[in-house]
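Peer 1: Pasting a structure below so you can have a look.
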Amino acid sequence: MFRAGRASLRSGWKRFGLRSERYRPPAVSVTQEQGEDRAACEAMQRVTARLVAGLLAAVLSLLSGQCWADGGGLSLAERVIWAVNAGGDSHVDVHGIHFKKDPLEGKIGKASDYGVRLPILRSSPEDQILYQTERYNEDTFGYDVPIRDDGDYILVMKYAEVYFAQSQQKVFDVRVNGHTVVKDLDIFDRVGHSTAHDEIVPFSIKKGKLSVQGEVSTFNGKLTVEFVKGYYDNPKVCALYVMKGTLEDVPKLQPHPGLEKHEDDEEEEEESEAGEEGGKKKVQPGSKYKVQSGPRTPNPYSADNSSLMFPILVAFGVFIPTLFCLCRL
């Protein structure tokens, strides 16, 4: 019965020109789908690779800029941005530092070469001229040093007492942009007669701010180094220079065995006094024949690496999830 009904239905469709077909969904090409997925994956990989490469390039550029700003990769002479032989002619020292002729000649103070008749201890023979000539003035005087780039810097001032033969004859201060960085400098009291002595002052310039010995002030592109008139005689300087870098980059003077032994004896005396007084150590201000000099407080920017680490962390934060997603694909 069913077969007869189906046959009559087919004959009716044929009479009217109709065909009986089952519904079939449109065929989809598997090869086309795979090709589209592969193209999308490759496009995402290219975008991700460009993003990671850009971040790594930015990090490397920042690291390179920081190294060059700190003087990395440069010789000592190339790190020096300004150097003057006070009271004397131009001179190139054993480290290749080019000291220019004193720009204050004929403008302020007086130049003296009184020390050329004396050998200067703790200095190499080739560079004794840097300690034998000097500029002094009956009032406060100084030099202006132009500095354009941010970074860590060192101010080195060279001295030698070639005239007075006892302490408390020449005492003065040194200021940097109004900050007192050396107080009551008595060269003879520090190292004795005709002996080289360097005063070393580290400072930093960052985002328009000058940081020196724990004090911060606005910086306008000019470092003013002043030698301040005190109660005893006139302030002076033999030579000075400014360089990029840290304290470890500054050349050291030759040792002075006599002075080092004297310092050891004083330290032993102070320790014995401290033991007798129940651990209360007495430190005499301005101990005699003090050779070492430097900053009173550490540089607050010396350990500040936050600006350097942030882009590195961001780069890794983006790279690791992206790598994970690529592996999943």
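Going through the structure tokens in order, the chains are called A, B, and so on, while each chain numbers its residues from 1 and the ligands are numbered from 1 in the order shown.
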I'd like the contact shell of Glu199 in chain A - 12 Å cut-off, only C-alpha atoms, skipping same-chain residues fewer than 2 positions apart - returned as a PyMOL selection string.
Peer 2: chain A and resi 154-160+173-174+181-183+185-187+190-191+196-197+201-202+237-242+247+250+252-253+290-296
Peer 1: Determine the nearest neighbour of Tyr232 in chain A from the options A:Ser112, A:Gln169, A:Ser194, A:Thr48, counting only C-alpha atoms.
Peer 2: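 Closest to Tyr232 in chain A of all the choices is A:Gln169.
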Peer 1: So that I can check the surroundings of range 163-166 of chain A, please list as a PDB file with C-alpha atoms, in the first residue's frame every protein, DNA and RNA residue that reaches within 12 Å of it, counting only C-alpha atoms and ignoring chain neighbours fewer than 5 positions away.
Peer 2:
```pdb
ATOM      1  CA  SER A 112     101.146  81.729  40.645  1.00  0.00           C
ATOM      2  CA  ASP A 113     103.890  79.321  39.582  1.00  0.00           C
ATOM      3  CA  TYR A 114     105.739  79.501  42.906  1.00  0.00           C
ATOM      4  CA  GLY A 115     105.516  75.732  43.237  1.00  0.00           C
ATOM      5  CA  VAL A 116     107.515  74.900  40.096  1.00  0.00           C
ATOM      6  CA  ARG A 117     110.705  75.024  42.163  1.00  0.00           C
ATOM      7  CA  LEU A 118     109.435  72.190  44.375  1.00  0.00           C
ATOM      8  CA  GLN A 132     102.803  73.476  40.992  1.00  0.00           C
ATOM      9  CA  THR A 133     100.682  76.249  39.452  1.00  0.00           C
ATOM     10  CA  GLU A 134      97.597  77.723  41.056  1.00  0.00           C
ATOM     11  CA  VAL A 171      91.681  77.588  55.305  1.00  0.00           C
ATOM     12  CA  ASP A 186      93.423  73.162  55.261  1.00  0.00           C
ATOM     13  CA  ILE A 187      95.732  71.578  52.692  1.00  0.00           C
ATOM     14  CA  PHE A 188      98.794  71.454  54.943  1.00  0.00           C
ATOM     15  CA  ASP A 189      96.728  69.918  57.713  1.00  0.00           C
ATOM     16  CA  ARG A 190      95.527  67.223  55.303  1.00  0.00           C
ATOM     17  CA  VAL A 191      98.776  66.138  53.638  1.00  0.00           C
ATOM     18  CA  GLY A 192     101.631  68.435  54.641  1.00  0.00           C
ATOM     19  CA  HIS A 193     103.904  70.592  52.485  1.00  0.00           C
ATOM     20  CA  SER A 194     104.438  70.167  48.706  1.00  0.00           C
ATOM     21  CA  THR A 195     102.225  67.074  48.590  1.00  0.00           C
ATOM     22  CA  TYR A 232      92.879  82.388  57.052  1.00  0.00           C
ATOM     23  CA  ASP A 233      94.509  83.763  53.896  1.00  0.00           C
ATOM     24  CA  ASN A 234      93.035  83.373  50.407  1.00  0.00           C
ATOM     25  CA  LYS A 288      95.923  66.013  61.166  1.00  0.00           C
ATOM     26  CA  TYR A 289      97.365  64.746  57.876  1.00  0.00           C
TER      27      TYR A 289
END
```
Peer 1: Determine which residues of range 122-161 of chain A receive a DSSP assignment of helix (DSSP H, G or I), computed from the backbone, and state them as a list in words.
Peer 2: Pro125, Glu126, Asp127, Ile129, Leu130, Tyr131 and Gln132 of chain A
Peer 1: Take CA of Ser211 in chain A and CA of Asp139 in chain A and report the distance between them in Å, one decimal.
Peer 2: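 Computing the Euclidean distance for CA of Ser211 in chain A and CA of Asp139 in chain A yields 26.6 Å.
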Peer 1: From a DSSP pass on the backbone, collect the residues of range 90-284 of chain A flagged as strand (DSSP E) and hand them back as number ranges by chain.
Peer 2: A: 91-92, 98-101, 110-112, 134-136, 141-146, 151-159, 171-176, 179-185, 197-206, 209-212, 215-218, 222-232, 236-237, 239-244
Peer 1: Between A:Met44, A:Ala111, A:Val176, A:Ile97, which is the closest to Gly142 in chain A once you count only C-alpha atoms?
Peer 2: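 Ranking A:Met44, A:Ala111, A:Val176, A:Ile97 by distance to Gly142 in chain A, first place goes to A:Val176.
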Peer 1: Measuring atom to atom with only C-alpha atoms, identify which of A:Gly151, A:Gly109, A:Gly208, A:Gly54 is nearest to Asn137 in chain A.
Peer 2: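 When distances to Asn137 in chain A are compared using only C-alpha atoms, the smallest one comes from A:Gly109.
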Peer 1: Determine the nearest neighbour of Ser217 in chain A from the options A:Gly178, A:Lys244, A:Asp93, A:Asp184, counting only C-alpha atoms.
Peer 2: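 Looking only at the distances to Ser217 in chain A, the closest residue turns out to be A:Gly178.
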Peer 1: Which residue gives the smallest distance to Gly230 in chain A among A:Lys170, A:Arg50, A:Lys107, A:His256, with only C-alpha atoms counted?
Peer 2: A:Lys170
